[in-house]
Amino acid sequence: MSIDILAWLNLAIRWLHVIAGVAWIGASFYFVWLDNNLKPSKSGAKGVHGELWAVHGGGFYHSQKYLVAPGEMPETLHWFKWEAYTTWLSGTALLAVLYWAQASVYLIDPAKAPMSQAEAVLLGMACLPVGWMAYDVLCKALGNRPRLFAVAWFAALTAAAWGLTRVFSDRGAFIHVGAIIGTAMVGNVLFVIIPNQRKVVADLAAGRAPDPNLGKQGKQRSVHNNYMTLPVIFIMISNHYPLVTGHPLNWLLLAILSLAGVSIRHFFNLKHVGKIRYDFWAYGIALFLVVAGIASSDLGRPKPLPAGTVTFADIQPLVRKHCAACHSAHPTHDGFTAPPNGVVYDSPADVQKYAARIKERAVLSTSMPLGNETGMTANERAKLGAWIDQGAKIK
């Protein structure tokens with residue numbers, strides 16, 4: 001019996017990452033909703049900024065928010081941090097197991113930048129602290145000008161997406177942009193939100209008046225995290241959509257889809273305070289349709305030579321050269337012990353069966369072969385696409 005340790009490790013870490021991410025996102029969304037729905041307190045309690053009544057699961061809940069801190073330390077105080085830490089730790093572990101340990105398969109694209117595995121891994125690792133430092137500097141410099149900060153941070157992330165798609169495989173570039181955003185989010189929790197809360201707790205315990213700016217800083221970073229959530233979620237699932245990740249303008253498509261996510265998130269944040277702005281939904285949908293239009297067009301794609309009439313005999317050598325090493329009942333590629341997603345091209349009927357998927361992965365996008373390690377050319381892709389468009393005939 002043989003066990004593919006990396007595959008099972010990948011599954012275990014990915015499952016943990018999703019579980020922790022759901023917990024973190026749920027807490028983030030809930031507390032932003034809670035904060036935006038607070039009403040002026042009627043209890044008269046000193047220092048209470050707002051309160052809210054809610055019903056859930058058969059019971060009633062009464063929440064109160066102190067703008068700075070209560071007059072004395074509560075007997076029991078619940079903290080929200082491990083959801084964030086576990087999400088980042090599991091995400092980084094997944095990055096290491098899949099993209100760094102198997103850089104030759106998932107991260108390096110020799111056609112873009114011929115790198116050794118060590119060089120690719122070091123560059124990938126460097127993205128995380130550099131991304132956090134850039135975000136933190138922008139936040140401190142432009143924190144009092146939120147719109148200007150948003151433009152600057154969006155521009156920085158778009159530049160990172162453009163740069164990484166020039167040197168990494170498409171999937172590898174996307175996931176590292178997501179890791180940059182995730183690191184900025186967890187950095188907010190680790191270096192700002194939790195330390196500020198600890199200072200407030202320490203002041204309360206010592207009988208000192210806490211600094212109200214500590215809470216304002218934490219609130220600011222928490223709101224930033226809230227808006228960055230939907231772009232990160234898209235990046236987590238983006239490898240399933242090669243029409244985006246494998247497009248020549250993939251960095252631009254990622255930027256536009258991220259704006260769509262931010263727009264939809266803003267709709268909900270406004271709705272929490274009673275402002276219904278359906279135009280933000282319209283902006284989000286319009287941006288999504290722009291991406292769909294670009295991805296479905298020839299914009300940005302090189303113009304291949306006309307393929308003419310193409311038979312299966314013409315494309316069979318291409319399938320053997322560029323696809324069969326992975327997509328075979330017994331893969332010969334070092335990175336696989338089983339065919340990815342169970343897809344095999346061992347017979348003409350197999351190739352015909354998956355013709356539509358082949359077109360999506362290798363013709364309309366360049367997501368296959370992985371990292372284009374076999375050097376598939378634009379004209380080879382055109383020939384493959386022509387065979388599919390002409391009916392994918394095998395006789």
# chains A, B, ... in the order shown; residues from 1 in each chain; ligands from 1
$ residues_around --residues "Leu253 in chain A" --least-positions-apart "3" --cutoff "8 Å" --atoms "only C-alpha atoms" --output "PDB file with N, CA and C atoms, in the first residue's frame"
ATOM      1  N   VAL A 244     -10.045  33.295 -15.920  1.00  0.00           N
ATOM      2  CA  VAL A 244      -9.542  34.491 -15.237  1.00  0.00           C
ATOM      3  C   VAL A 244      -8.048  34.359 -14.972  1.00  0.00           C
ATOM      4  N   LEU A 249      -4.440  39.094 -19.396  1.00  0.00           N
ATOM      5  CA  LEU A 249      -4.676  40.276 -18.564  1.00  0.00           C
ATOM      6  C   LEU A 249      -5.203  39.867 -17.185  1.00  0.00           C
ATOM      7  N   ASN A 250      -4.739  38.715 -16.694  1.00  0.00           N
ATOM      8  CA  ASN A 250      -5.278  38.185 -15.431  1.00  0.00           C
ATOM      9  C   ASN A 250      -5.116  39.150 -14.263  1.00  0.00           C
ATOM     10  N   ILE A 256     -10.269  44.088 -11.095  1.00  0.00           N
ATOM     11  CA  ILE A 256     -11.665  44.466 -11.320  1.00  0.00           C
ATOM     12  C   ILE A 256     -12.599  43.636 -10.439  1.00  0.00           C
ATOM     13  N   LEU A 257     -12.349  42.325 -10.351  1.00  0.00           N
ATOM     14  CA  LEU A 257     -13.189  41.479  -9.499  1.00  0.00           C
ATOM     15  C   LEU A 257     -13.055  41.865  -8.032  1.00  0.00           C
ATOM     16  N   VAL A 291     -15.468  41.801 -16.489  1.00  0.00           N
ATOM     17  CA  VAL A 291     -14.483  40.717 -16.438  1.00  0.00           C
ATOM     18  C   VAL A 291     -14.896  39.576 -17.365  1.00  0.00           C
TER      19      VAL A 291
END
$ residues_around --residues "range 352-361 of chain A" --least-positions-apart "6" --cutoff "10 Å" --atoms "only C-alpha atoms" --output "VMD selection string"
chain A and resid 241 to 243 246 312 319 323 343 to 345 367 to 370 381 to 382 384 to 389 391 to 394
$ atom_distance --atom1 "CA of Cys326 in chain A" --atom2 "CA of Gln102 in chain A"
14.4 Å
$ atom_distance --atom1 "CA of Leu259 in chain A" --atom2 "CA of Phe154 in chain A"
8.8 Å
$ closest_residue --among "A:Val68, A:Val177, A:Ala156, A:Leu190" --to "Thr86 in chain A" --atoms "only C-alpha atoms"
A:Leu190
$ residues_around --residues "Ala161 in chain A" --least-positions-apart "4" --cutoff "12 Å" --atoms "only C-alpha atoms" --output "JSON, numbers by chain"
{"A": [127, 131, 154, 155, 156, 157, 165, 166, 167, 168, 169, 170, 171, 172, 173, 174, 175, 176, 177, 178, 179, 180, 181, 235, 245, 249, 250, 251, 252, 253, 254, 255, 256, 258]}
$ residues_around --residues "Pro302 in chain A" --least-positions-apart "4" --cutoff "9 Å" --atoms "only C-alpha atoms" --output "tab-separated table (two decimals) with N, CA and C atoms, in the first residue's frame"
chain	number	residue	atom	x	y	z
A	248	PRO	N	-4.24	36.51	-20.42
A	248	PRO	CA	-3.07	37.38	-20.48
A	248	PRO	C	-3.20	38.65	-19.64
A	298	ASP	N	-10.97	38.30	-27.35
A	298	ASP	CA	-9.58	38.10	-27.75
A	298	ASP	C	-8.67	39.20	-27.21
A	378	ALA	N	1.57	29.43	-28.88
A	378	ALA	CA	0.26	29.99	-29.24
A	378	ALA	C	-0.32	29.29	-30.46
$ closest_residue --among "A:Gly182, A:Pro339, A:Pro110, A:Pro210" --to "Trp24 in chain A" --atoms "only C-alpha atoms"
A:Gly182
$ residues_around --residues "Met125 in chain A" --least-positions-apart "2" --cutoff "10 Å" --atoms "only C-alpha atoms" --output "PDB file with C-alpha atoms, in the first residue's frame"
ATOM      1  CA  THR A  92       0.812  29.652   5.035  1.00  0.00           C
ATOM      2  CA  LEU A  95       1.192  27.628   0.621  1.00  0.00           C
ATOM      3  CA  ALA A  96       4.349  25.825   1.759  1.00  0.00           C
ATOM      4  CA  TRP A 100       6.746  26.043  -2.188  1.00  0.00           C
ATOM      5  CA  GLU A 119      14.785  31.437  -5.760  1.00  0.00           C
ATOM      6  CA  ALA A 120      11.043  31.021  -6.326  1.00  0.00           C
ATOM      7  CA  VAL A 121      10.402  30.038  -2.708  1.00  0.00           C
ATOM      8  CA  LEU A 122      12.468  32.923  -1.318  1.00  0.00           C
ATOM      9  CA  LEU A 123      10.615  35.387  -3.540  1.00  0.00           C
ATOM     10  CA  CYS A 127       6.063  38.807  -0.491  1.00  0.00           C
ATOM     11  CA  LEU A 128       4.418  38.333   2.908  1.00  0.00           C
ATOM     12  CA  PRO A 129       6.493  40.646   5.169  1.00  0.00           C
ATOM     13  CA  VAL A 130       7.045  43.180   2.377  1.00  0.00           C
ATOM     14  CA  HIS A 176       0.609  34.991  -3.442  1.00  0.00           C
ATOM     15  CA  ALA A 179      -1.280  35.689   0.857  1.00  0.00           C
ATOM     16  CA  ILE A 180      -0.180  39.335   0.861  1.00  0.00           C
TER      17      ILE A 180
END
$ residues_around --residues "Ser328 in chain A" --least-positions-apart "2" --cutoff "12 Å" --atoms "only C-alpha atoms" --output "PyMOL selection string"
chain A and resi 319-320+322-326+330-333+336-347+350-351
$ select_by_dssp --residues "range 82-125 of chain A" --states "helix (DSSP H, G or I)" --output "VMD selection string"
chain A and resid 82 to 100 103 to 106 117 to 125
$ write_last_selection --atoms "N, CA and C atoms" --output "compact mmCIF listing (two decimals), in the first residue's frame"
# COMPACT_ATOMS: atom_id res chain seq x y z
N TRP A 82 -7.66 33.85 17.84
CA TRP A 82 -7.15 32.59 17.31
C TRP A 82 -7.78 32.20 15.99
N GLU A 83 -8.99 32.71 15.73
CA GLU A 83 -9.58 32.47 14.40
C GLU A 83 -8.67 33.05 13.32
N ALA A 84 -8.17 34.27 13.57
CA ALA A 84 -7.29 34.93 12.61
C ALA A 84 -5.94 34.21 12.52
N TYR A 85 -5.37 33.92 13.68
CA TYR A 85 -4.05 33.30 13.69
C TYR A 85 -4.07 31.92 13.02
N THR A 86 -5.10 31.14 13.32
CA THR A 86 -5.19 29.80 12.75
C THR A 86 -5.41 29.85 11.24
N THR A 87 -6.20 30.82 10.79
CA THR A 87 -6.41 30.97 9.35
C THR A 87 -5.11 31.27 8.65
N TRP A 88 -4.33 32.20 9.21
CA TRP A 88 -3.07 32.57 8.55
C TRP A 88 -2.04 31.43 8.63
N LEU A 89 -1.93 30.81 9.79
CA LEU A 89 -0.95 29.72 9.94
C LEU A 89 -1.28 28.55 9.01
N SER A 90 -2.55 28.18 8.94
CA SER A 90 -2.93 27.07 8.06
C SER A 90 -2.79 27.46 6.59
N GLY A 91 -3.11 28.72 6.27
CA GLY A 91 -2.95 29.18 4.89
C GLY A 91 -1.49 29.19 4.46
N THR A 92 -0.62 29.64 5.35
CA THR A 92 0.81 29.65 5.04
C THR A 92 1.35 28.22 4.93
N ALA A 93 0.86 27.33 5.78
CA ALA A 93 1.27 25.92 5.69
C ALA A 93 0.83 25.32 4.37
N LEU A 94 -0.37 25.66 3.93
CA LEU A 94 -0.87 25.17 2.64
C LEU A 94 -0.04 25.74 1.50
N LEU A 95 0.32 27.00 1.62
CA LEU A 95 1.19 27.63 0.62
C LEU A 95 2.52 26.89 0.54
N ALA A 96 3.06 26.52 1.71
CA ALA A 96 4.35 25.83 1.76
C ALA A 96 4.25 24.42 1.17
N VAL A 97 3.19 23.69 1.53
CA VAL A 97 3.05 22.30 1.08
C VAL A 97 2.78 22.21 -0.42
N LEU A 98 1.95 23.12 -0.91
CA LEU A 98 1.54 23.01 -2.32
C LEU A 98 2.44 23.81 -3.25
N TYR A 99 2.65 25.09 -2.95
CA TYR A 99 3.34 25.96 -3.89
C TYR A 99 4.85 26.04 -3.66
N TRP A 100 5.31 25.94 -2.43
CA TRP A 100 6.75 26.04 -2.19
C TRP A 100 7.43 24.68 -2.28
N ALA A 103 7.30 23.73 -6.06
CA ALA A 103 7.43 24.95 -6.85
C ALA A 103 7.60 24.67 -8.34
N SER A 104 8.28 23.60 -8.68
CA SER A 104 8.50 23.29 -10.09
C SER A 104 7.21 22.99 -10.82
N VAL A 105 6.19 22.54 -10.08
CA VAL A 105 4.91 22.19 -10.68
C VAL A 105 3.94 23.37 -10.63
N TYR A 106 3.82 24.02 -9.47
CA TYR A 106 2.76 25.00 -9.25
C TYR A 106 3.19 26.46 -9.22
N GLN A 117 14.15 26.43 -7.72
CA GLN A 117 13.12 26.30 -6.70
C GLN A 117 13.43 27.19 -5.50
N ALA A 118 14.68 27.27 -5.10
CA ALA A 118 15.05 28.10 -3.95
C ALA A 118 14.75 29.56 -4.21
N GLU A 119 15.05 30.04 -5.42
CA GLU A 119 14.78 31.44 -5.76
C GLU A 119 13.29 31.73 -5.74
N ALA A 120 12.49 30.82 -6.30
CA ALA A 120 11.04 31.02 -6.33
C ALA A 120 10.46 31.03 -4.92
N VAL A 121 10.92 30.12 -4.08
CA VAL A 121 10.40 30.04 -2.71
C VAL A 121 10.79 31.28 -1.92
N LEU A 122 12.03 31.73 -2.05
CA LEU A 122 12.47 32.92 -1.32
C LEU A 122 11.68 34.15 -1.76
N LEU A 123 11.42 34.26 -3.05
CA LEU A 123 10.62 35.39 -3.54
C LEU A 123 9.19 35.31 -2.99
N GLY A 124 8.62 34.10 -3.01
CA GLY A 124 7.27 33.93 -2.46
C GLY A 124 7.21 34.28 -0.99
N MET A 125 8.20 33.83 -0.23
CA MET A 125 8.24 34.14 1.20
C MET A 125 8.38 35.64 1.45
$ closest_atom_pairs --of "range 249-331 of chain A" --to "range 216-223 of chain A" --cutoff "12 Å" --atoms "only C-alpha atoms" --output "tab-separated table"
residue	atom	partner	partner_atom	distance
A:Val262	CA	A:Val223	CA	11.7
A:Arg265	CA	A:Val223	CA	10.8
A:His266	CA	A:Val223	CA	10.6
A:Asn269	CA	A:Val223	CA	9.7
$ closest_residue --among "A:Glu75, A:Trp153, A:Thr158, A:Leu364" --to "Lys140 in chain A" --atoms "only C-alpha atoms"
A:Trp153
$ closest_residue --among "A:Lys275, A:Lys112, A:His224, A:His49" --to "Pro146 in chain A" --atoms "only C-alpha atoms"
A:His224
$ residues_around --residues "Arg198 in chain A" --least-positions-apart "3" --cutoff "12 Å" --atoms "only C-alpha atoms" --output "number ranges by chain"
A: 69, 73, 77, 79, 189-195, 201-205, 210-211, 214-215, 218
$ closest_residue --among "A:Ile294, A:Val186, A:Leu270, A:Val363" --to "Ile25 in chain A" --atoms "only C-alpha atoms"
A:Val186
$ decode --residues "range 102-200 of chain A" --atoms "C-alpha atoms" --output "PDB file, in the first residue's frame"
ATOM      1  CA  GLN A 102       6.230  21.702  -5.313  1.00  0.00           C
ATOM      2  CA  ALA A 103       7.434  24.949  -6.851  1.00  0.00           C
ATOM      3  CA  SER A 104       8.505  23.292 -10.091  1.00  0.00           C
ATOM      4  CA  VAL A 105       4.905  22.191 -10.682  1.00  0.00           C
ATOM      5  CA  TYR A 106       2.756  24.995  -9.248  1.00  0.00           C
ATOM      6  CA  LEU A 107       4.900  28.121  -8.930  1.00  0.00           C
ATOM      7  CA  ILE A 108       7.665  28.340 -11.529  1.00  0.00           C
ATOM      8  CA  ASP A 109       6.877  29.258 -15.123  1.00  0.00           C
ATOM      9  CA  PRO A 110      10.134  28.967 -17.121  1.00  0.00           C
ATOM     10  CA  ALA A 111       8.614  30.909 -20.018  1.00  0.00           C
ATOM     11  CA  LYS A 112       8.214  33.925 -17.737  1.00  0.00           C
ATOM     12  CA  ALA A 113      11.219  33.765 -15.429  1.00  0.00           C
ATOM     13  CA  PRO A 114      13.602  30.794 -15.311  1.00  0.00           C
ATOM     14  CA  MET A 115      14.157  30.434 -11.557  1.00  0.00           C
ATOM     15  CA  SER A 116      15.457  27.708  -9.327  1.00  0.00           C
ATOM     16  CA  GLN A 117      13.119  26.299  -6.696  1.00  0.00           C
ATOM     17  CA  ALA A 118      15.054  28.096  -3.947  1.00  0.00           C
ATOM     18  CA  GLU A 119      14.785  31.437  -5.760  1.00  0.00           C
ATOM     19  CA  ALA A 120      11.043  31.021  -6.326  1.00  0.00           C
ATOM     20  CA  VAL A 121      10.402  30.038  -2.708  1.00  0.00           C
ATOM     21  CA  LEU A 122      12.468  32.923  -1.318  1.00  0.00           C
ATOM     22  CA  LEU A 123      10.615  35.387  -3.540  1.00  0.00           C
ATOM     23  CA  GLY A 124       7.274  33.927  -2.464  1.00  0.00           C
ATOM     24  CA  MET A 125       8.238  34.137   1.203  1.00  0.00           C
ATOM     25  CA  ALA A 126       9.466  37.721   0.844  1.00  0.00           C
ATOM     26  CA  CYS A 127       6.063  38.807  -0.491  1.00  0.00           C
ATOM     27  CA  LEU A 128       4.418  38.333   2.908  1.00  0.00           C
ATOM     28  CA  PRO A 129       6.493  40.646   5.169  1.00  0.00           C
ATOM     29  CA  VAL A 130       7.045  43.180   2.377  1.00  0.00           C
ATOM     30  CA  GLY A 131       3.293  43.311   1.731  1.00  0.00           C
ATOM     31  CA  TRP A 132       2.553  43.837   5.434  1.00  0.00           C
ATOM     32  CA  MET A 133       5.159  46.606   5.755  1.00  0.00           C
ATOM     33  CA  ALA A 134       3.802  48.409   2.680  1.00  0.00           C
ATOM     34  CA  TYR A 135       0.254  48.208   4.025  1.00  0.00           C
ATOM     35  CA  ASP A 136       1.268  49.346   7.524  1.00  0.00           C
ATOM     36  CA  VAL A 137       3.235  52.327   6.181  1.00  0.00           C
ATOM     37  CA  LEU A 138       0.311  53.403   3.994  1.00  0.00           C
ATOM     38  CA  CYS A 139      -2.118  52.962   6.864  1.00  0.00           C
ATOM     39  CA  LYS A 140      -0.062  55.090   9.244  1.00  0.00           C
ATOM     40  CA  ALA A 141       0.553  57.768   6.616  1.00  0.00           C
ATOM     41  CA  LEU A 142      -2.982  57.951   5.213  1.00  0.00           C
ATOM     42  CA  GLY A 143      -5.076  56.571   8.058  1.00  0.00           C
ATOM     43  CA  ASN A 144      -6.918  59.860   8.498  1.00  0.00           C
ATOM     44  CA  ARG A 145      -7.734  60.010   4.783  1.00  0.00           C
ATOM     45  CA  PRO A 146      -9.552  56.701   4.219  1.00  0.00           C
ATOM     46  CA  ARG A 147     -10.420  57.232   0.547  1.00  0.00           C
ATOM     47  CA  LEU A 148      -6.866  58.156  -0.391  1.00  0.00           C
ATOM     48  CA  PHE A 149      -5.591  55.182   1.618  1.00  0.00           C
ATOM     49  CA  ALA A 150      -8.019  52.863  -0.204  1.00  0.00           C
ATOM     50  CA  VAL A 151      -6.792  54.096  -3.608  1.00  0.00           C
ATOM     51  CA  ALA A 152      -3.127  53.758  -2.591  1.00  0.00           C
ATOM     52  CA  TRP A 153      -3.522  50.248  -1.159  1.00  0.00           C
ATOM     53  CA  PHE A 154      -5.574  49.102  -4.161  1.00  0.00           C
ATOM     54  CA  ALA A 155      -2.880  50.464  -6.489  1.00  0.00           C
ATOM     55  CA  ALA A 156      -0.162  48.693  -4.489  1.00  0.00           C
ATOM     56  CA  LEU A 157      -1.990  45.364  -4.658  1.00  0.00           C
ATOM     57  CA  THR A 158      -2.680  45.784  -8.381  1.00  0.00           C
ATOM     58  CA  ALA A 159       1.016  46.496  -8.945  1.00  0.00           C
ATOM     59  CA  ALA A 160       1.873  43.372  -6.934  1.00  0.00           C
ATOM     60  CA  ALA A 161      -0.546  41.317  -9.036  1.00  0.00           C
ATOM     61  CA  TRP A 162       0.977  42.657 -12.252  1.00  0.00           C
ATOM     62  CA  GLY A 163       4.523  41.991 -11.062  1.00  0.00           C
ATOM     63  CA  LEU A 164       3.871  38.500  -9.723  1.00  0.00           C
ATOM     64  CA  THR A 165       2.050  37.402 -12.881  1.00  0.00           C
ATOM     65  CA  ARG A 166       5.217  38.358 -14.776  1.00  0.00           C
ATOM     66  CA  VAL A 167       7.441  35.952 -12.809  1.00  0.00           C
ATOM     67  CA  PHE A 168       5.240  33.198 -11.310  1.00  0.00           C
ATOM     68  CA  SER A 169       2.781  30.769 -12.815  1.00  0.00           C
ATOM     69  CA  ASP A 170      -0.692  32.256 -13.065  1.00  0.00           C
ATOM     70  CA  ARG A 171      -2.071  30.239 -10.148  1.00  0.00           C
ATOM     71  CA  GLY A 172       1.050  30.871  -8.106  1.00  0.00           C
ATOM     72  CA  ALA A 173       0.838  34.617  -8.705  1.00  0.00           C
ATOM     73  CA  PHE A 174      -2.822  34.809  -7.673  1.00  0.00           C
ATOM     74  CA  ILE A 175      -2.334  32.825  -4.496  1.00  0.00           C
ATOM     75  CA  HIS A 176       0.609  34.991  -3.442  1.00  0.00           C
ATOM     76  CA  VAL A 177      -1.469  38.146  -3.909  1.00  0.00           C
ATOM     77  CA  GLY A 178      -4.035  36.497  -1.628  1.00  0.00           C
ATOM     78  CA  ALA A 179      -1.280  35.689   0.857  1.00  0.00           C
ATOM     79  CA  ILE A 180      -0.180  39.335   0.861  1.00  0.00           C
ATOM     80  CA  ILE A 181      -3.720  40.469   1.670  1.00  0.00           C
ATOM     81  CA  GLY A 182      -4.186  37.731   4.289  1.00  0.00           C
ATOM     82  CA  THR A 183      -0.890  38.679   5.937  1.00  0.00           C
ATOM     83  CA  ALA A 184      -1.962  42.333   6.108  1.00  0.00           C
ATOM     84  CA  MET A 185      -5.231  41.235   7.713  1.00  0.00           C
ATOM     85  CA  VAL A 186      -3.636  39.006  10.337  1.00  0.00           C
ATOM     86  CA  GLY A 187      -0.956  41.649  10.908  1.00  0.00           C
ATOM     87  CA  ASN A 188      -3.728  44.034  11.878  1.00  0.00           C
ATOM     88  CA  VAL A 189      -4.921  41.571  14.500  1.00  0.00           C
ATOM     89  CA  LEU A 190      -1.472  40.602  15.771  1.00  0.00           C
ATOM     90  CA  PHE A 191       0.280  43.981  15.789  1.00  0.00           C
ATOM     91  CA  VAL A 192      -2.518  46.514  16.290  1.00  0.00           C
ATOM     92  CA  ILE A 193      -5.924  45.230  17.401  1.00  0.00           C
ATOM     93  CA  ILE A 194      -4.895  42.741  20.101  1.00  0.00           C
ATOM     94  CA  PRO A 195      -1.956  44.815  21.496  1.00  0.00           C
ATOM     95  CA  ASN A 196      -4.221  47.861  21.753  1.00  0.00           C
ATOM     96  CA  GLN A 197      -6.854  45.823  23.540  1.00  0.00           C
ATOM     97  CA  ARG A 198      -4.221  44.503  25.942  1.00  0.00           C
ATOM     98  CA  LYS A 199      -3.140  48.071  26.737  1.00  0.00           C
ATOM     99  CA  VAL A 200      -6.736  49.021  27.512  1.00  0.00           C
TER     100      VAL A 200
END
